[in-house]
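Colleague: Have a look at this one before I ask anything.
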Amino acid sequence: MRVIITKDYDQMSLWAANYVAQRIVEKNPTQENPFVLGCPTGSSPLGLYRNLIKLYESGRISFQNVVTFNMDEYVNLPVDHPQSYHSFMWNNFFSHIDIKKENVHILNGNATDLMKECEDYEKAIEAVGGIDLFMGGVGPDGHLAFNEPGSSLGSRTRVKSLTTNTIQANSRFFDNDVNKVPRQSLTVGVGTVMAAKEVLIVCNGPQKSNALHHIIEEGVNHMWTASALQMHQHGIIVCDEDATVDLRTSTYQYFKDIQQAELDKYINLY
Ligand code: GLP
């Protein structure tokens, strides 16, 4: 796993966006052979999306031949609800780039048959040849997408109940009222994310430092589902200094040293 330690949120977001842009450019995608991008929601990737939009606006990248699959969606929340992940993605990313509507895939949390919706999602990912790059964030308890602690590390897209911890954390988007937060979600599994050719996780702020410690310094463990990244052949965590406060000094120094060139390369790319 590569761990890239950036100085702050802005640098983390710039690094991640430049990295994703470079992967898209390198593939030179076509309609027949698109670039398949996995997309997260949450506050962490907002800066990454803003930077990708800037790269599109300056003509450096196009999303014409990019197909996306989102990580998750709440169950029983209207699609046009301001806090649905559909709204989040269109408001913060898709409406600002040249992506084709038919290339956007987001789980339908209002489907009459939720299990079928999840099975069809996995089939759709397979039909385009799998995900080239899955971007993600982590919850304060180390969860990936909505794969809460204890989720199978081999799991696939399915219905998941949210933990009290996540309901409390996400209530900030629902007038700080835990009763307004949906209780269930549809989410890709840990196994779905790990099947991607590459995985890039953004992790920032002191509230994520304990999760980062477990994901990087402890063993692979279903109680910290993002720790499955240790098993991925091409896994990257890009974090800010604030998120590293619970890492051992030796771990911090090690990754600062070994990843310096990689840090510089993508910061200065565009
Ligand atoms: C939600 C999402 C996750 C996200 C997490 C952290 O639970 N399902 O995909 O990583 O929130 O969000 P934030 O980036 O706002 O801390």
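Chain lettering (A, B, ...) mirrors the order of the structure tokens, residue numbering begins at 1 for each chain separately, and ligand numbering begins at 1 in order of display.
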How would you report the residues lying within 6 Å of ligand 1, as a PyMOL selection string, if you count only C-alpha atoms and all ligand atoms?
Modeller: chain A and resi 40-44+137-139+144-146
Colleague: Please dump the current selection as a CSV table (one decimal), in the first residue's frame; keep N, CA and C atoms.
Modeller:
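The new file part_32.csv reads:
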```csv
chain,number,residue,atom,x,y,z
A,40,PRO,N,-17.0,8.0,-4.5
A,40,PRO,CA,-17.6,8.1,-3.1
A,40,PRO,C,-18.4,9.4,-2.9
A,41,THR,N,-19.1,9.5,-1.8
A,41,THR,CA,-19.7,10.8,-1.3
A,41,THR,C,-19.0,11.1,0.0
A,42,GLY,N,-19.5,12.1,0.7
A,42,GLY,CA,-18.9,12.5,1.9
A,42,GLY,C,-18.2,13.9,1.8
A,43,SER,N,-17.8,14.4,2.9
A,43,SER,CA,-17.1,15.7,2.8
A,43,SER,C,-15.6,15.6,2.3
A,44,SER,N,-15.0,14.4,2.6
A,44,SER,CA,-13.6,14.2,2.3
A,44,SER,C,-13.3,14.4,0.8
A,137,GLY,N,-13.5,7.3,0.6
A,137,GLY,CA,-13.2,7.9,1.8
A,137,GLY,C,-13.3,6.9,2.9
A,138,VAL,N,-13.1,7.3,4.2
A,138,VAL,CA,-13.3,6.4,5.3
A,138,VAL,C,-14.1,7.1,6.4
A,139,GLY,N,-14.9,6.3,7.1
A,139,GLY,CA,-15.6,6.8,8.2
A,139,GLY,C,-14.7,6.9,9.4
A,144,LEU,N,-15.6,1.6,5.0
A,144,LEU,CA,-15.4,1.9,3.6
A,144,LEU,C,-16.8,1.8,2.9
A,145,ALA,N,-17.2,2.8,2.2
A,145,ALA,CA,-18.6,2.9,1.7
A,145,ALA,C,-19.5,2.8,2.9
A,146,PHE,N,-20.5,1.9,2.9
A,146,PHE,CA,-21.3,1.7,4.1
A,146,PHE,C,-21.0,0.3,4.7
```
Colleague: List the spatial neighbours of Ser209 (chain A) as a list of chain:residue names - criterion: any atom at most 7 Å away, only C-alpha atoms, same-chain residues fewer than 5 positions off excluded.
Modeller: A:Ala243, A:Thr244, A:Val245, A:Asp246
Colleague: If you keep C-alpha atoms, can you produce a file of those selected residues as a compact mmCIF listing (two decimals), in the first residue's frame?
Modeller:
```txt
# COMPACT_ATOMS: atom_id res chain seq x y z
CA ALA A 243 -4.95 12.50 10.02
CA THR A 244 -1.51 11.14 10.91
CA VAL A 245 -1.41 12.16 14.59
CA ASP A 246 -2.10 8.61 15.83
```
Colleague: Counting only C-alpha atoms, figure out which residue out of A:Ile237, A:Ala124, A:Leu114, A:Met71 gets nearest to Val188 (chain A).
Modeller: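 Ranked by minimum distance to Val188 (chain A), first place goes to A:Met71.
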Colleague: Between A:Trp224, A:Phe134, A:Phe174, A:Phe93, which has the minimum distance to Lys54 (chain A) (counting only C-alpha atoms)?
Modeller: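 Between A:Trp224, A:Phe134, A:Phe174, A:Phe93, the residue approaching Lys54 (chain A) most closely is A:Phe93.
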Colleague: Could you produce a table of the residues of region 184-238 of chain A lying within 10 Å of region 72-91 of chain A, with the nearest pair of atoms per residue and their separation in Å rounded to one decimal, using only C-alpha atoms, ordered by chain and increasing residue number, as a tab-separated table?
Modeller:
```
residue	atom	partner	partner_atom	distance
A:Gln184	CA	A:Val75	CA	5.4
A:Ser185	CA	A:Tyr74	CA	4.2
A:Leu186	CA	A:Glu73	CA	5.4
A:Thr187	CA	A:Asp72	CA	4.2
A:Val188	CA	A:Asp72	CA	6.2
A:Gly189	CA	A:Asp72	CA	9.4
```
Colleague: Print the selection's residues with N, CA, C and O atoms to a file, as a JSON list (two decimals), in the first residue's frame.
Modeller:
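Written output follows (selection23.json):
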```json
[["chain", "number", "residue", "atom", "x", "y", "z"],
["A", 184, "GLN", "N", -31.01, 2.50, 6.81],
["A", 184, "GLN", "CA", -30.40, 1.48, 5.94],
["A", 184, "GLN", "C", -29.79, 2.11, 4.70],
["A", 184, "GLN", "O", -30.14, 3.24, 4.32],
["A", 185, "SER", "N", -28.92, 1.36, 4.08],
["A", 185, "SER", "CA", -28.30, 1.82, 2.85],
["A", 185, "SER", "C", -28.12, 0.65, 1.90],
["A", 185, "SER", "O", -28.20, -0.51, 2.31],
["A", 186, "LEU", "N", -27.89, 0.98, 0.64],
["A", 186, "LEU", "CA", -27.36, 0.00, -0.31],
["A", 186, "LEU", "C", -25.90, 0.36, -0.47],
["A", 186, "LEU", "O", -25.57, 1.55, -0.60],
["A", 187, "THR", "N", -25.04, -0.61, -0.46],
["A", 187, "THR", "CA", -23.62, -0.30, -0.58],
["A", 187, "THR", "C", -22.87, -1.38, -1.34],
["A", 187, "THR", "O", -23.21, -2.56, -1.23],
["A", 188, "VAL", "N", -21.89, -0.95, -2.11],
["A", 188, "VAL", "CA", -20.98, -1.94, -2.69],
["A", 188, "VAL", "C", -20.29, -2.63, -1.51],
["A", 188, "VAL", "O", -20.19, -2.06, -0.43],
["A", 189, "GLY", "N", -19.83, -3.86, -1.72],
["A", 189, "GLY", "CA", -19.14, -4.56, -0.65],
["A", 189, "GLY", "C", -17.67, -4.21, -0.60],
["A", 189, "GLY", "O", -17.14, -3.56, -1.52]]
```
Colleague: What's around Leu200 (chain A) at 8 Å? Count only C-alpha atoms, leave out sequence neighbours fewer than 5 positions away in its own chain, and write the answer as a list in words.
Modeller: Ala16, Leu133, Phe134, Met135, Gly136, Gly235, Ile236, Ile237 and Val238 of chain A
Colleague: Store the residues of this selection in a file with N, CA and C atoms, as a CSV table (one decimal), in the first residue's frame.
Modeller:
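File out_28.csv, as written:
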```csv
chain,number,residue,atom,x,y,z
A,16,ALA,N,-4.8,13.9,-5.2
A,16,ALA,CA,-5.8,12.8,-5.6
A,16,ALA,C,-6.4,13.1,-7.0
A,133,LEU,N,-10.5,2.3,-11.4
A,133,LEU,CA,-10.0,3.0,-10.2
A,133,LEU,C,-11.2,3.3,-9.3
A,134,PHE,N,-11.2,2.8,-8.1
A,134,PHE,CA,-12.2,3.1,-7.1
A,134,PHE,C,-11.7,4.1,-6.2
A,135,MET,N,-12.3,5.3,-6.1
A,135,MET,CA,-12.0,6.3,-5.2
A,135,MET,C,-12.8,6.1,-3.9
A,136,GLY,N,-12.3,6.5,-2.8
A,136,GLY,CA,-13.1,6.3,-1.6
A,136,GLY,C,-12.7,7.2,-0.5
A,235,GLY,N,-3.2,-0.3,-3.9
A,235,GLY,CA,-3.9,0.5,-3.0
A,235,GLY,C,-3.1,1.7,-2.6
A,236,ILE,N,-3.8,2.9,-2.5
A,236,ILE,CA,-3.2,4.1,-2.1
A,236,ILE,C,-4.1,4.8,-1.1
A,237,ILE,N,-3.4,5.3,0.0
A,237,ILE,CA,-4.1,6.2,0.9
A,237,ILE,C,-3.4,7.5,0.7
A,238,VAL,N,-4.2,8.6,0.4
A,238,VAL,CA,-3.6,9.9,0.5
A,238,VAL,C,-4.3,10.7,1.6
```
Colleague: Mind giving me the straight-line distance from CA of Asn33 (chain A) to CA of Val67 (chain A) in Å, one decimal?
Modeller: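 Straight-line distance from CA of Asn33 (chain A) to CA of Val67 (chain A) works out to 9.9 Å.
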Colleague: Taking only C-alpha atoms into account, name the residue in A:Cys239, A:Leu269, A:Ala195, A:Ile53 that is nearest to Gln11 (chain A).
Modeller: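 The closest residue to Gln11 (chain A) is A:Cys239.
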Colleague: Using DSSP assignments from the backbone, pull out every residue in region 2-212 of chain A that falls under strand (DSSP E) and give it to me as an MDAnalysis selection string.
Modeller: chainID A and resid 2:6 35:39 66:70 72:74 104:105 133:136 158:161 184:187 198:203
Colleague: Which residue out of A:Val193, A:Ala226, A:Leu48, A:Ile99 has the minimum interatomic distance to Ala211 (chain A) when only C-alpha atoms are used?
Modeller: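 Answer, going by the shortest atom-to-atom distance: A:Ala226.
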Colleague: So which one's closest to Glu218 (chain A), A:Ile258, A:Met194, A:Ala17, A:Leu247? Using only C-alpha atoms, please.
Modeller: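 Closest residue, counting only C-alpha atoms: A:Leu247.
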Colleague: One decimal, in Å: what's the spacing between CA of Glu148 (chain A) and CA of His214 (chain A)?
Modeller: 14.4 Å
Colleague: Which of these, A:Lys265, A:His222, A:Arg60, A:Arg183, has the shortest distance to Val25 (chain A) once you count only C-alpha atoms?
Modeller: A:Arg60
Colleague: Please, which residues of region 9-253 of chain A, numbered as in this document, come out alpha helix (DSSP H) from DSSP, as a ChimeraX atom specification?
Modeller: /A:9-27,46-57,85-92,114-127,164-170,190-194,209-217,249-253
Colleague: Contacts of Val190 (chain A) at 6 Å or less, counting only C-alpha atoms, minus same-chain residues fewer than 5 places along, as an NGL selection string?
Modeller: :A and (153-155)
